[in-house]
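Working notes for the structure below.
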There are 2 protein chains.
Amino acid sequence: MTEAPRLDRQVCFALYAASRAATAVYRPILEDLGLTYPQYLVMLVLWESDAKGVKELGEELGLDSGTLSPLLKRLEALGFVERRRSGEDERRVAIHLTTAGRALSSKASGIPQHLADAAGLSDQELEQLRATLGRLTEALHRSH
Amino acid sequence: MTEAPRLDRQVCFALYAASRAATAVYRPILEDLGLTYPQYLVMLVLWESDAKGVKELGEELGLDSGTLSPLLKRLEALGFVERRRSGEDERRVAIHLTTAGRALSSKASGIPQHLADAAGLSDQELEQLRATLGRLTEALHRSH
DNA sequence: ATCCGGTAAGTTGTGCACAATTGAATTGTG
DNA sequence: CACAATTCAATTGTGCACAACTTACCGGAT
């Protein structure tokens, strides 16, 4: 009979733990902006390019409408976005930044540096980590 | 005024995406065992050392009783663990593996190799990734 | 013996993730 | 044109995460 795998050997657990630790560092900072971490990710996408549909947002973030629909409703209730049915294609809902939503971007500009400072890794290590994670994510998606 | 941070530059998003991609690879495999990913992590700890308290489990996994209490109830309903109030300290609830719970470990032994295969990274790269993530998690926890 | 600070587990409430389904709008095909 | 297949967003239901709170119990100090 085979050995049971050990928790401390699992890359998978290391990813899970690191991801939760990172969002825990972001949480108090984002709280000042009134955002949760997934909401912040949505705002990052919109700051780059406004008026995306729910589907396009989902493709960039790897999230589906089951996650995004209620999240976007909350962002709308907070006054950071507006959801408008498209005229040409009534199925589409375009997500537009409000003035308040656009204004938030400058307040958020210093946030990534916080993580970099808290990470205890050099810029090169962080960059290499990001690259490795990117390749890993790609490969994992391809594998099924 | 400062630039808005870009999604594709964020280590934080890379972690978040990779972690979800990894659990997505595990999901169909774990479904065969009847487990979710966090339930599998709890079983990993118990296979190493049975009869832990909720608090000890929480320390190893970085989860609190708010997450673990209902999760452990579900594992008990599945027949994989038993929760027993400790005799000496009535506050403690010791989590014991059942025969079925112990038997599951051999079925689970091949699972980590699945991720390694799907990862598209060499063993060295995976090992280095695990080490970097470990240091990162440590540093992030220390930072607050 | 009794209080009291501390501790263990559980509960409540909010917000993701994700599977599965629904309903409306659009597109492709005969 | 008709209509089946597809697409988009929303909804429903389950199971985490995590903060805040509650309840029960312990152990020490008077």
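Note on naming: chains are A, B, ... as they come in the structure tokens, residues start from 1 per chain, ligands start from 1 in the order shown.
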_I'd like the contact shell of B:Ala24 - 12 Å cut-off, only C-alpha atoms (C1' of nucleotides), skipping same-chain residues fewer than 4 positions apart - returned as a list of chain:residue names._
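Listed by chain and then number, they are A:Cys12, A:Gly62, A:Thr137, A:Leu140, A:His141, A:Arg142, A:Ser143, A:His144, B:Ala17, B:Ala18, B:Ser19, B:Arg20, B:Pro28, B:Ile29, B:Leu30, B:Glu31, B:Thr36, B:Tyr37, B:His114, B:Leu115, B:Ala118, C:DA17, C:DC18.
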Which chain D residues are at most 8 Å from chain A (counting only C-alpha atoms (C1' of nucleotides)), as a PDB file with N, CA and C atoms (P, O5', C5', C4', C3', O3' and C1' of nucleotides), in the first residue's frame?
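What ended up in result-v9.pdb:
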ATOM      1  P    DC D   8     -21.265  35.177 -26.082  1.00  0.00           P
ATOM      2  O5'  DC D   8     -22.150  35.932 -24.993  1.00  0.00           O
ATOM      3  C5'  DC D   8     -22.997  36.997 -25.400  1.00  0.00           C
ATOM      4  C4'  DC D   8     -23.957  37.314 -24.272  1.00  0.00           C
ATOM      5  C3'  DC D   8     -23.289  37.450 -22.905  1.00  0.00           C
ATOM      6  O3'  DC D   8     -23.429  38.797 -22.466  1.00  0.00           O
ATOM      7  C1'  DC D   8     -25.264  36.091 -22.810  1.00  0.00           C
ATOM      8  P    DA D   9     -22.588  39.336 -21.190  1.00  0.00           P
ATOM      9  O5'  DA D   9     -23.651  39.116 -20.033  1.00  0.00           O
ATOM     10  C5'  DA D   9     -24.874  39.850 -20.112  1.00  0.00           C
ATOM     11  C4'  DA D   9     -25.902  39.282 -19.167  1.00  0.00           C
ATOM     12  C3'  DA D   9     -25.555  39.351 -17.689  1.00  0.00           C
ATOM     13  O3'  DA D   9     -26.477  40.233 -17.079  1.00  0.00           O
ATOM     14  C1'  DA D   9     -26.490  37.228 -18.284  1.00  0.00           C
ATOM     15  P    DA D  10     -26.392  40.492 -15.463  1.00  0.00           P
ATOM     16  O5'  DA D  10     -27.409  39.416 -14.873  1.00  0.00           O
ATOM     17  C5'  DA D  10     -28.742  39.389 -15.356  1.00  0.00           C
ATOM     18  C4'  DA D  10     -29.477  38.218 -14.750  1.00  0.00           C
ATOM     19  C3'  DA D  10     -29.376  38.098 -13.227  1.00  0.00           C
ATOM     20  O3'  DA D  10     -30.695  38.039 -12.708  1.00  0.00           O
ATOM     21  C1'  DA D  10     -28.903  36.019 -14.263  1.00  0.00           C
TER      22       DA D  10
END
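As for atom CA of A:Glu138 and atom CA of A:Leu15, they are spaced 14.9 Å apart.
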*Using only C-alpha atoms (C1' of nucleotides), find the residues of chain C whose closest atom to chain A is at most 12 Å away, then write them as an MDAnalysis selection string.*
chainID C and resid 14:21 23:27
*Within 7 Å of chain A, which residues of chain B show up when using only C-alpha atoms, listed as an MDAnalysis selection string?*
chainID B and resid 1:7 11:12 14:19 21:22 25 44:45 47 105:106 108:109 118:120 130 133:134 136:137 139:141 143
*Pick out each residue of chain B that DSSP on the backbone tags as helix (DSSP H, G or I); I need them as a PyMOL selection string.*
chain B and resi 7-9+11-33+37-48+54-61+65-77+99-108+111-119+123-142
So that I have them on file, write out the residues from the current selection with C-alpha atoms, as a tab-separated table (two decimals), in the first residue's frame.
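And here's part-v6.tsv as it stands now:
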chain	number	residue	atom	x	y	z
B	7	LEU	CA	-3.84	43.22	-13.80
B	8	ASP	CA	-1.31	41.24	-15.77
B	9	ARG	CA	1.58	42.61	-13.74
B	11	VAL	CA	1.89	38.71	-8.53
B	12	CYS	CA	-1.21	38.66	-6.42
B	13	PHE	CA	-3.49	37.86	-9.36
B	14	ALA	CA	-1.01	35.27	-10.61
B	15	LEU	CA	-1.27	33.53	-7.23
B	16	TYR	CA	-5.04	33.75	-7.20
B	17	ALA	CA	-5.35	32.40	-10.74
B	18	ALA	CA	-2.82	29.60	-10.22
B	19	SER	CA	-4.43	28.49	-6.99
B	20	ARG	CA	-7.86	28.27	-8.58
B	21	ALA	CA	-6.45	26.49	-11.63
B	22	ALA	CA	-4.78	23.92	-9.37
B	23	THR	CA	-7.91	23.17	-7.39
B	24	ALA	CA	-9.81	22.93	-10.68
B	25	VAL	CA	-7.43	20.14	-11.74
B	26	TYR	CA	-7.93	18.38	-8.42
B	27	ARG	CA	-11.72	18.78	-8.43
B	28	PRO	CA	-12.75	15.91	-10.75
B	29	ILE	CA	-10.22	13.57	-9.12
B	30	LEU	CA	-11.39	14.43	-5.62
B	31	GLU	CA	-14.99	14.12	-6.71
B	32	ASP	CA	-14.33	10.41	-7.21
B	33	LEU	CA	-13.40	10.21	-3.53
B	37	TYR	CA	-10.32	20.36	-1.96
B	38	PRO	CA	-10.40	21.84	1.57
B	39	GLN	CA	-11.81	18.55	2.87
B	40	TYR	CA	-8.90	16.77	1.18
B	41	LEU	CA	-6.45	19.08	2.97
B	42	VAL	CA	-8.02	18.19	6.31
B	43	MET	CA	-7.75	14.50	5.47
B	44	LEU	CA	-4.07	14.97	4.54
B	45	VAL	CA	-3.38	16.34	8.00
B	46	LEU	CA	-5.31	13.55	9.70
B	47	TRP	CA	-3.59	10.82	7.66
B	48	GLU	CA	-0.32	12.13	9.01
B	54	VAL	CA	-10.03	21.68	15.65
B	55	LYS	CA	-7.56	24.29	16.75
B	56	GLU	CA	-4.49	22.24	15.78
B	57	LEU	CA	-6.02	21.49	12.38
B	58	GLY	CA	-6.66	25.20	11.99
B	59	GLU	CA	-3.07	26.08	12.78
B	60	GLU	CA	-1.68	23.69	10.20
B	61	LEU	CA	-4.08	24.80	7.49
B	65	SER	CA	-13.29	27.28	13.48
B	66	GLY	CA	-15.76	29.25	11.40
B	67	THR	CA	-14.49	27.38	8.35
B	68	LEU	CA	-13.58	24.07	9.98
B	69	SER	CA	-16.61	23.39	12.17
B	70	PRO	CA	-19.11	23.01	9.32
B	71	LEU	CA	-16.50	21.33	7.09
B	72	LEU	CA	-15.82	18.71	9.78
B	73	LYS	CA	-19.53	18.13	10.22
B	74	ARG	CA	-19.75	17.35	6.51
B	75	LEU	CA	-16.76	14.99	6.74
B	76	GLU	CA	-18.51	13.28	9.63
B	77	ALA	CA	-21.75	13.02	7.65
B	99	THR	CA	-11.99	3.02	8.97
B	100	ALA	CA	-13.42	4.49	5.77
B	101	GLY	CA	-11.44	7.68	6.35
B	102	ARG	CA	-8.20	5.77	6.80
B	103	ALA	CA	-8.95	3.61	3.76
B	104	LEU	CA	-9.30	6.71	1.61
B	105	SER	CA	-5.61	7.52	2.00
B	106	SER	CA	-4.46	4.79	-0.35
B	107	LYS	CA	-6.92	5.93	-3.00
B	108	ALA	CA	-5.56	9.46	-2.63
B	111	ILE	CA	-3.27	12.50	-6.61
B	112	PRO	CA	-0.26	14.81	-6.22
B	113	GLN	CA	1.40	13.19	-9.22
B	114	HIS	CA	-1.59	14.26	-11.29
B	115	LEU	CA	-0.88	17.88	-10.51
B	116	ALA	CA	2.82	17.43	-11.18
B	117	ASP	CA	1.99	15.93	-14.58
B	118	ALA	CA	-0.49	18.67	-15.41
B	119	ALA	CA	1.84	21.43	-14.26
B	123	ASP	CA	10.47	18.53	-10.66
B	124	GLN	CA	13.15	21.08	-9.82
B	125	GLU	CA	10.99	23.97	-10.90
B	126	LEU	CA	8.08	22.64	-8.85
B	127	GLU	CA	10.30	22.18	-5.84
B	128	GLN	CA	11.71	25.67	-6.21
B	129	LEU	CA	8.22	27.08	-6.64
B	130	ARG	CA	7.09	25.36	-3.47
B	131	ALA	CA	10.07	26.76	-1.58
B	132	THR	CA	9.51	30.30	-2.86
B	133	LEU	CA	5.81	30.13	-2.03
B	134	GLY	CA	6.66	28.91	1.45
B	135	ARG	CA	8.99	31.84	2.07
B	136	LEU	CA	6.43	34.23	0.60
B	137	THR	CA	3.63	32.94	2.82
B	138	GLU	CA	5.85	33.22	5.88
B	139	ALA	CA	6.83	36.79	5.05
B	140	LEU	CA	3.25	37.82	4.34
B	141	HIS	CA	2.08	36.41	7.65
B	142	ARG	CA	4.88	38.21	9.50
*asked:* Just list as a PyMOL selection string whatever in stretch 42-103 of chain A DSSP marks as strand (DSSP E).
replied: chain A and resi 52-53+81-85+93-97
Set the distance at 12 Å and use only C-alpha atoms (C1' of nucleotides): which residues neighbour C:DG13 once local chain neighbours fewer than 4 positions away are removed? I'd like the list as a PDB file with N, CA and C atoms (P, O5', C5', C4', C3', O3' and C1' of nucleotides), in the first residue's frame.
ATOM      1  N   GLY B  66     -14.635  28.861  12.235  1.00  0.00           N
ATOM      2  CA  GLY B  66     -15.762  29.253  11.396  1.00  0.00           C
ATOM      3  C   GLY B  66     -15.777  28.508  10.071  1.00  0.00           C
TER       4      GLY B  66
ATOM      5  P    DC D  18      -9.171  33.186   4.868  1.00  0.00           P
ATOM      6  O5'  DC D  18     -10.049  34.171   5.748  1.00  0.00           O
ATOM      7  C5'  DC D  18     -10.690  35.257   5.103  1.00  0.00           C
ATOM      8  C4'  DC D  18     -11.682  35.883   6.054  1.00  0.00           C
ATOM      9  C3'  DC D  18     -11.215  35.915   7.524  1.00  0.00           C
ATOM     10  O3'  DC D  18     -11.455  37.212   8.009  1.00  0.00           O
ATOM     11  C1'  DC D  18     -13.390  35.136   7.390  1.00  0.00           C
ATOM     12  P    DA D  19     -10.504  37.815   9.168  1.00  0.00           P
ATOM     13  O5'  DA D  19     -11.428  38.955   9.800  1.00  0.00           O
ATOM     14  C5'  DA D  19     -12.250  39.728   8.938  1.00  0.00           C
ATOM     15  C4'  DA D  19     -13.567  40.025   9.624  1.00  0.00           C
ATOM     16  C3'  DA D  19     -13.442  40.352  11.111  1.00  0.00           C
ATOM     17  O3'  DA D  19     -14.198  41.521  11.395  1.00  0.00           O
ATOM     18  C1'  DA D  19     -15.021  38.611  10.797  1.00  0.00           C
ATOM     19  P    DA D  20     -14.028  42.249  12.825  1.00  0.00           P
ATOM     20  O5'  DA D  20     -15.343  41.788  13.620  1.00  0.00           O
ATOM     21  C5'  DA D  20     -16.600  41.851  12.970  1.00  0.00           C
ATOM     22  C4'  DA D  20     -17.633  41.191  13.851  1.00  0.00           C
ATOM     23  C3'  DA D  20     -17.409  41.405  15.352  1.00  0.00           C
ATOM     24  O3'  DA D  20     -18.621  41.847  15.937  1.00  0.00           O
ATOM     25  C1'  DA D  20     -17.676  39.090  14.874  1.00  0.00           C
ATOM     26  P    DC D  21     -18.668  42.213  17.512  1.00  0.00           P
ATOM     27  O5'  DC D  21     -19.397  40.927  18.127  1.00  0.00           O
ATOM     28  C5'  DC D  21     -20.600  40.462  17.496  1.00  0.00           C
ATOM     29  C4'  DC D  21     -20.968  39.097  18.010  1.00  0.00           C
ATOM     30  C3'  DC D  21     -20.970  38.960  19.525  1.00  0.00           C
ATOM     31  O3'  DC D  21     -22.307  38.732  19.957  1.00  0.00           O
ATOM     32  C1'  DC D  21     -19.985  37.060  18.459  1.00  0.00           C
TER      33       DC D  21
END
_Test item: residues at most 6 Å from B:Lys52, only C-alpha atoms (C1' of nucleotides), excluding those fewer than 2 positions along its chain, as a count of residues only_ = 3
*All residues 12 Å or closer to C:DG28, only C-alpha atoms (C1' of nucleotides), same chain fewer than 2 positions away omitted, as a PyMOL selection string*: (chain C and resi 26+30) or (chain D and resi 3-6)
Please dump the current selection as a JSON list (two decimals), in the first residue's frame; keep C-alpha atoms (C1' of nucleotides).
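Saved result, result12.json, follows:
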[["chain", "number", "residue", "atom", "x", "y", "z"],
["C", 26, "DT", "C1'", -29.29, 36.40, -31.63],
["C", 30, "DG", "C1'", -32.81, 25.00, -44.52],
["D", 3, "DC", "C1'", -36.84, 27.61, -36.22],
["D", 4, "DA", "C1'", -33.23, 25.08, -34.08],
["D", 5, "DA", "C1'", -28.79, 25.87, -32.02],
["D", 6, "DT", "C1'", -26.05, 29.10, -29.71]]
